[in-house]
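Visitor: Data: upload-v9.cif, mmCIF, C-alpha atoms.
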data_target
#
loop_
_atom_site.label_atom_id
_atom_site.label_comp_id
_atom_site.auth_asym_id
_atom_site.auth_seq_id
_atom_site.Cartn_x
_atom_site.Cartn_y
_atom_site.Cartn_z
CA MET K 24 23.71 16.68 -56.91
CA THR K 25 26.41 19.35 -56.53
CA ALA K 26 27.13 21.00 -53.18
CA ASN K 27 25.77 24.30 -54.54
CA CYS K 28 22.44 22.75 -55.55
CA LEU K 29 22.18 20.94 -52.24
CA SER K 30 22.66 24.21 -50.34
CA LYS K 31 19.91 25.92 -52.38
CA SER K 32 17.50 23.04 -51.74
CA ILE K 33 18.11 23.17 -47.99
CA ALA K 34 17.62 26.98 -47.93
CA SER K 35 14.33 26.70 -49.87
CA ALA K 36 13.06 24.01 -47.51
CA LEU K 37 13.88 26.09 -44.46
CA LEU K 38 12.12 29.16 -45.96
CA LEU K 39 8.95 27.20 -46.75
CA ALA K 40 8.91 25.75 -43.23
CA ALA K 41 9.20 29.22 -41.68
CA LEU K 42 6.44 30.89 -43.73
CA PRO K 43 3.38 29.48 -41.81
CA ALA K 44 4.83 30.53 -38.46
CA PHE K 45 5.61 34.01 -39.81
CA ALA K 46 2.11 34.43 -41.22
CA GLN K 47 0.54 33.25 -37.98
CA ALA K 48 2.61 35.73 -35.99
CA GLN K 49 1.49 38.60 -38.21
CA LYS K 50 -2.24 37.72 -38.25
CA PRO K 51 -3.29 38.82 -34.71
CA ALA K 52 -1.72 42.27 -35.11
CA ALA K 53 -3.46 42.88 -38.42
CA THR K 54 -6.78 41.71 -36.99
CA ALA K 55 -6.45 43.94 -33.92
CA GLN K 56 -5.75 46.98 -36.06
CA SER K 57 -8.49 46.43 -38.62
CA MET K 58 -11.36 45.05 -36.48
CA PRO K 59 -12.92 47.52 -34.00
CA THR K 60 -14.77 45.86 -31.11
CA THR K 61 -18.53 45.45 -31.36
CA ALA K 62 -19.03 47.44 -28.15
CA ALA K 63 -16.89 50.34 -29.34
CA ALA K 64 -18.81 50.48 -32.61
CA ALA K 65 -22.16 50.37 -30.78
CA ALA K 66 -21.19 53.18 -28.40
CA ALA K 67 -19.57 55.37 -31.05
CA PRO K 68 -21.33 58.70 -31.76
CA ARG K 69 -23.57 58.79 -34.84
CA PRO K 70 -24.13 61.82 -37.08
CA THR K 71 -27.79 61.88 -36.02
CA ASP K 72 -27.07 61.85 -32.26
CA PRO K 73 -28.38 65.00 -30.51
CA VAL K 74 -26.21 67.37 -28.51
CA LEU K 75 -27.45 67.02 -24.94
CA PRO K 76 -28.04 70.13 -22.83
CA ALA K 77 -26.08 70.25 -19.57
CA GLY K 78 -27.75 68.07 -16.92
CA TYR K 79 -30.10 66.50 -19.48
CA VAL K 80 -32.81 64.35 -17.88
CA ILE K 81 -34.13 61.35 -19.82
CA GLY K 82 -37.85 61.49 -20.64
CA THR K 83 -40.67 59.58 -22.27
CA ASP K 84 -40.12 58.51 -25.91
CA ASP K 85 -36.36 59.13 -25.78
CA VAL K 86 -34.33 56.43 -27.55
CA LEU K 87 -31.28 55.07 -25.69
CA SER K 88 -28.42 52.73 -26.54
CA ILE K 89 -27.35 50.59 -23.58
CA VAL K 90 -23.92 49.14 -24.35
CA TYR K 91 -22.35 46.37 -22.26
CA TRP K 92 -18.66 46.32 -23.20
CA LYS K 93 -18.07 42.73 -22.05
CA ASP K 94 -21.35 41.17 -23.16
CA LYS K 95 -22.77 42.18 -26.54
CA ASP K 96 -25.87 40.02 -25.97
CA MET K 97 -26.88 42.33 -23.11
CA SER K 98 -26.51 45.47 -25.26
CA ALA K 99 -29.72 46.90 -26.71
CA ASP K 100 -31.47 49.98 -28.03
CA ALA K 101 -34.47 50.90 -25.91
CA LYS K 102 -37.27 53.44 -26.18
CA VAL K 103 -38.51 54.97 -22.94
CA ARG K 104 -42.14 53.93 -22.55
CA PRO K 105 -44.97 56.21 -21.35
CA ASP K 106 -44.50 54.73 -17.84
CA GLY K 107 -40.88 55.91 -17.90
CA ARG K 108 -39.35 52.44 -18.00
CA ILE K 109 -37.15 50.55 -20.47
CA ALA K 110 -36.94 46.80 -21.07
CA LEU K 111 -33.51 45.11 -21.24
CA PRO K 112 -32.34 41.50 -21.56
CA LEU K 113 -31.92 39.67 -18.22
CA ILE K 114 -32.49 42.80 -16.09
CA ASN K 115 -36.01 43.19 -17.51
CA GLU K 116 -37.60 46.58 -16.68
CA VAL K 117 -35.76 49.59 -15.29
CA GLN K 118 -36.96 53.13 -14.55
CA ALA K 119 -35.14 55.53 -16.91
CA ALA K 120 -37.27 58.68 -17.10
CA GLY K 121 -36.27 61.31 -14.58
CA LEU K 122 -32.61 60.23 -14.53
CA THR K 123 -29.59 61.70 -16.26
CA PRO K 124 -27.64 59.29 -18.53
CA GLU K 125 -24.94 59.12 -15.82
CA GLN K 126 -27.49 58.23 -13.12
CA LEU K 127 -29.03 55.54 -15.33
CA GLN K 128 -25.56 54.13 -16.06
CA LYS K 129 -24.87 53.78 -12.31
CA LYS K 130 -28.29 52.21 -11.72
CA LEU K 131 -27.79 49.65 -14.50
CA THR K 132 -24.32 48.84 -13.20
CA GLU K 133 -25.76 48.04 -9.76
CA GLU K 134 -28.55 45.93 -11.24
CA SER K 135 -26.10 44.05 -13.48
CA LYS K 136 -23.89 43.03 -10.55
CA LYS K 137 -26.55 40.42 -9.73
CA TYR K 138 -25.73 38.61 -12.96
CA MET K 139 -22.13 39.48 -13.89
CA GLU K 140 -18.91 40.78 -12.42
CA ASP K 141 -17.32 44.09 -13.40
CA ALA K 142 -20.18 45.29 -15.63
CA ASN K 143 -18.90 48.10 -17.86
CA ILE K 144 -21.90 49.98 -19.27
CA THR K 145 -22.33 53.05 -21.46
CA VAL K 146 -25.66 54.89 -21.87
CA VAL K 147 -26.02 56.90 -25.08
CA VAL K 148 -29.05 59.10 -25.87
CA ARG K 149 -29.74 58.49 -29.56
CA GLU K 150 -32.97 60.49 -29.92
CA ILE K 151 -34.50 63.26 -27.81
CA ASN K 152 -38.28 62.96 -28.14
CA SER K 153 -39.40 63.99 -24.66
CA ARG K 154 -38.50 67.70 -24.91
CA LYS K 155 -41.18 69.21 -27.14
CA ALA K 156 -42.86 72.55 -27.67
CA PHE K 157 -46.16 72.88 -29.49
CA ILE K 158 -47.50 75.46 -31.89
CA THR K 159 -51.12 75.70 -32.94
CA GLY K 160 -53.42 78.02 -34.87
CA GLU K 161 -52.63 80.13 -37.91
CA VAL K 162 -49.25 78.70 -38.93
CA ASN K 163 -48.47 76.57 -41.95
CA LYS K 164 -47.25 73.49 -40.06
CA PRO K 165 -48.81 73.30 -36.58
CA GLY K 166 -47.83 70.49 -34.24
CA PRO K 167 -45.16 69.35 -31.78
CA TYR K 168 -41.48 70.22 -32.36
CA PRO K 169 -38.53 68.66 -30.49
CA LEU K 170 -36.36 71.04 -28.50
CA THR K 171 -33.02 69.47 -29.36
CA SER K 172 -31.28 72.83 -28.93
CA PRO K 173 -32.23 76.26 -27.46
CA THR K 174 -35.25 77.51 -29.45
CA THR K 175 -36.98 80.89 -29.27
CA VAL K 176 -40.59 81.72 -30.16
CA LEU K 177 -39.50 83.32 -33.43
CA GLN K 178 -37.46 80.24 -34.34
CA LEU K 179 -40.40 77.92 -33.62
CA ILE K 180 -42.68 80.01 -35.84
CA SER K 181 -40.07 79.71 -38.58
CA LEU K 182 -39.86 75.93 -38.10
CA ALA K 183 -43.65 75.82 -38.40
CA GLY K 184 -43.45 77.40 -41.85
CA GLY K 185 -44.33 80.94 -40.77
CA LEU K 186 -47.66 82.66 -40.16
CA ARG K 187 -50.65 82.22 -42.41
CA GLU K 188 -52.10 85.17 -44.28
CA TYR K 189 -54.85 85.98 -41.77
CA ALA K 190 -52.93 85.31 -38.55
CA ASP K 191 -53.20 88.00 -35.88
CA ALA K 192 -49.45 88.53 -35.51
CA LYS K 193 -49.85 91.00 -32.63
CA LYS K 194 -51.76 88.68 -30.29
CA ILE K 195 -49.70 85.48 -30.16
CA VAL K 196 -49.58 83.85 -26.71
CA ILE K 197 -47.14 81.34 -25.18
CA MET K 198 -48.99 79.05 -22.77
CA ARG K 199 -46.71 77.73 -20.03
CA SER K 200 -47.18 75.68 -16.87
CA GLU K 201 -45.42 77.13 -13.83
CA ASN K 202 -45.80 75.80 -10.30
CA GLY K 203 -48.87 73.84 -11.27
CA ARG K 204 -50.76 76.69 -12.94
CA GLN K 205 -51.09 77.92 -16.51
CA ILE K 206 -49.79 81.34 -17.47
CA GLY K 207 -49.96 83.21 -20.77
CA LEU K 208 -46.99 85.19 -22.10
CA PRO K 209 -47.79 87.71 -24.89
CA PHE K 210 -45.77 87.79 -28.10
CA ASN K 211 -46.08 90.49 -30.75
CA TYR K 212 -44.56 89.05 -33.92
CA LYS K 213 -44.48 92.37 -35.75
CA GLU K 214 -42.63 94.13 -32.94
CA VAL K 215 -40.00 91.41 -32.61
CA ALA K 216 -39.56 91.09 -36.38
CA GLY K 217 -39.03 94.85 -36.44
CA GLY K 218 -36.39 94.70 -33.73
CA LYS K 219 -38.57 96.09 -30.91
CA ASN K 220 -39.30 94.66 -27.45
CA LEU K 221 -37.02 91.69 -28.11
CA GLN K 222 -37.46 90.43 -24.53
CA GLN K 223 -40.74 88.88 -25.77
CA ASN K 224 -38.74 86.42 -27.88
CA ILE K 225 -38.16 84.05 -24.98
CA GLU K 226 -36.46 80.66 -25.09
CA LEU K 227 -39.11 77.96 -25.05
CA LYS K 228 -39.33 75.26 -22.39
CA PRO K 229 -40.55 71.68 -22.83
CA GLY K 230 -44.35 71.63 -22.73
CA ASP K 231 -44.81 75.24 -23.93
CA THR K 232 -47.60 75.85 -26.45
CA VAL K 233 -47.48 78.80 -28.83
CA VAL K 234 -51.01 79.87 -29.82
CA VAL K 235 -51.34 81.90 -33.03
CA PRO K 236 -54.90 83.31 -33.38
#
Hey, can you dump this file as structure tokens for me?

Guide:
Amino acid sequence: MTANCLSKSIASALLLAALPAFAQAQKPAATAQSMPTTAAAAAAPRPTDPVLPAGYVIGTDDVLSIVYWKDKDMSADAKVRPDGRIALPLINEVQAAGLTPEQLQKKLTEESKKYMEDANITVVVREINSRKAFITGEVNKPGPYPLTSPTTVLQLISLAGGLREYADAKKIVIMRSENGRQIGLPFNYKEVAGGKNLQQNIELKPGDTVVVP
């Protein structure tokens, strides 16, 4: 074998020996760039997530995602039950209704310290089902409607498919509970639709019922 051939053989052998180490060195970087963490994916906003009003308080039937960044087995989606509680792995039942997402996050962090160190938790409201207004009577689609954003009486009537043919548009009433008693707020659809007395077109509150005779 000539000296030139021998040199080529040695160079080829050295290159083949170096390839596995080079590939191994490149693999972690590629994996880190292409594989988002399970926790980050779970906590990421979804197109269907509602925009929460300032100071939003969790209520019955809301759907929450509880994400533990260091323990995916603890993470879970939970629906707030009629008693205001949610059920989670290990911690079991926790009161959620009546708390803001931030307050619930702090409460879960304290509870989790009994079982793990440095619990890093995110609370995400996936569905708002507790804030509802109701419309009944002579509309095309009576029933409950979620208040996922500020909604006026006129907007609720529109969501309900509009008034039926024989609805008394001048004598609509918004029933509201204030300080433990029921009050009735008049709403004249024809006036508001005509641009008059627009102060009647109030923003609805959770629990309001619009009655269309």

Visitor: Write out as a PyMOL selection string the residues lying within 12 Å of Pro173 of chain K, counting all atoms listed in the file and excluding same-chain residues fewer than 2 positions away.

Guide: chain K and resi 74-77+154-156+169-171+175-179+225-229

Visitor: Residues as selected, C-alpha atoms, written as a PDB file, in the frame of the given file, can you do that?

Guide:
ATOM      1  CA  VAL K  74     -26.210  67.370 -28.510  1.00  0.00           C
ATOM      2  CA  LEU K  75     -27.450  67.020 -24.940  1.00  0.00           C
ATOM      3  CA  PRO K  76     -28.040  70.130 -22.830  1.00  0.00           C
ATOM      4  CA  ALA K  77     -26.080  70.250 -19.570  1.00  0.00           C
ATOM      5  CA  ARG K 154     -38.500  67.700 -24.910  1.00  0.00           C
ATOM      6  CA  LYS K 155     -41.180  69.210 -27.140  1.00  0.00           C
ATOM      7  CA  ALA K 156     -42.860  72.550 -27.670  1.00  0.00           C
ATOM      8  CA  PRO K 169     -38.530  68.660 -30.490  1.00  0.00           C
ATOM      9  CA  LEU K 170     -36.360  71.040 -28.500  1.00  0.00           C
ATOM     10  CA  THR K 171     -33.020  69.470 -29.360  1.00  0.00           C
ATOM     11  CA  THR K 175     -36.980  80.890 -29.270  1.00  0.00           C
ATOM     12  CA  VAL K 176     -40.590  81.720 -30.160  1.00  0.00           C
ATOM     13  CA  LEU K 177     -39.500  83.320 -33.430  1.00  0.00           C
ATOM     14  CA  GLN K 178     -37.460  80.240 -34.340  1.00  0.00           C
ATOM     15  CA  LEU K 179     -40.400  77.920 -33.620  1.00  0.00           C
ATOM     16  CA  ILE K 225     -38.160  84.050 -24.980  1.00  0.00           C
ATOM     17  CA  GLU K 226     -36.460  80.660 -25.090  1.00  0.00           C
ATOM     18  CA  LEU K 227     -39.110  77.960 -25.050  1.00  0.00           C
ATOM     19  CA  LYS K 228     -39.330  75.260 -22.390  1.00  0.00           C
ATOM     20  CA  PRO K 229     -40.550  71.680 -22.830  1.00  0.00           C
TER      21      PRO K 229
END

Visitor: Any chance you could work out the residue set of the PyMOL selection byres ((chain K and resi 200) around 12) here, as a ChimeraX atom specification?

Guide: /K:197-199,201-208,227-232

Visitor: For the structure shown, which residues end up in the PyMOL selection byres ((chain K and resi 104) around 9)? Put them as a list of chain:residue names, please?

Guide: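 Applying the PyMOL selection byres ((chain K and resi 104) around 9) to the structure shown produces K:Gly82, K:Thr83, K:Asp84, K:Asp85, K:Ala101, K:Lys102, K:Val103, K:Pro105, K:Asp106, K:Gly107, K:Arg108, K:Ile109, K:Ala110, K:Ala120.
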
Visitor: Name the closest residue to Ile81 of chain K among the candidates K:Asn152, K:Asn211, K:Ala190, K:Arg69; distances are taken between atoms, counting all atoms listed in the file.

Guide: K:Asn152

Visitor: Rounded to one decimal in Å, what is the spacing between atom CA of Lys137 of chain K and atom CA of Ser98 of chain K?

Guide: 16.3 Å

Visitor: I need the residue set behind the PyMOL selection byres ((chain K and resi 114) around 10) for this file; please write it as an NGL selection string.

Guide: :K and (97 or 110-113 or 115-117 or 131 or 134-135 or 137-138)

Visitor: Quick one: everything within 9 Å of Asp141 of chain K, counting only C-alpha atoms, minus sequence neighbours fewer than 4 positions away in the same chain. Send it as a VMD selection string.

Guide: chain K and resid 93 132 135 to 136

Visitor: Find the spatial neighbours of Thr145 of chain K, counting all atoms listed in the file, within a cut-off of 7 Å - ignore same-chain residues fewer than 6 positions away - and output them as a list in words.

Guide: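 So, after excluding close chain neighbours, the residues are Ile89, Val90, Tyr91 and Gln128 of chain K.
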
Visitor: Of the candidates K:Pro167, K:Pro236, K:Pro73, K:Gly217, which one gets nearest to Lys194 of chain K if we count all atoms listed in the file?

Guide: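 Among K:Pro167, K:Pro236, K:Pro73, K:Gly217, it is K:Pro236 that comes nearest to Lys194 of chain K.
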
Visitor: Taking into account only C-alpha atoms, which residue in the set K:Val235, K:Glu214, K:Asn224, K:Glu150 is nearest to Leu186 of chain K?

Guide: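 Going through K:Val235, K:Glu214, K:Asn224, K:Glu150 one by one, the smallest distance to Leu186 of chain K is for K:Val235.
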
Visitor: Nearest to Asp72 of chain K: which of K:Lys213, K:Val146, K:Pro124, K:Ile151 is it, counting only C-alpha atoms?

Guide: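 Closest to Asp72 of chain K of all the choices is K:Ile151.
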
Visitor: Between K:Ala216, K:Ile144, K:Val86, K:Ala192, which has the minimum distance to Leu127 of chain K (counting only C-alpha atoms)?

Guide: K:Ile144

Visitor: Find the residue from K:Ala142, K:Lys95, K:Tyr212, K:Ile180 that sits nearest to Thr159 of chain K; use all atoms listed in the file when measuring.

Guide: K:Ile180

Visitor: Just to confirm, what's the straight-line distance from atom CA of Glu161 of chain K to atom CA of Ala183 of chain K in Å (one decimal)?

Guide: 10.0 Å
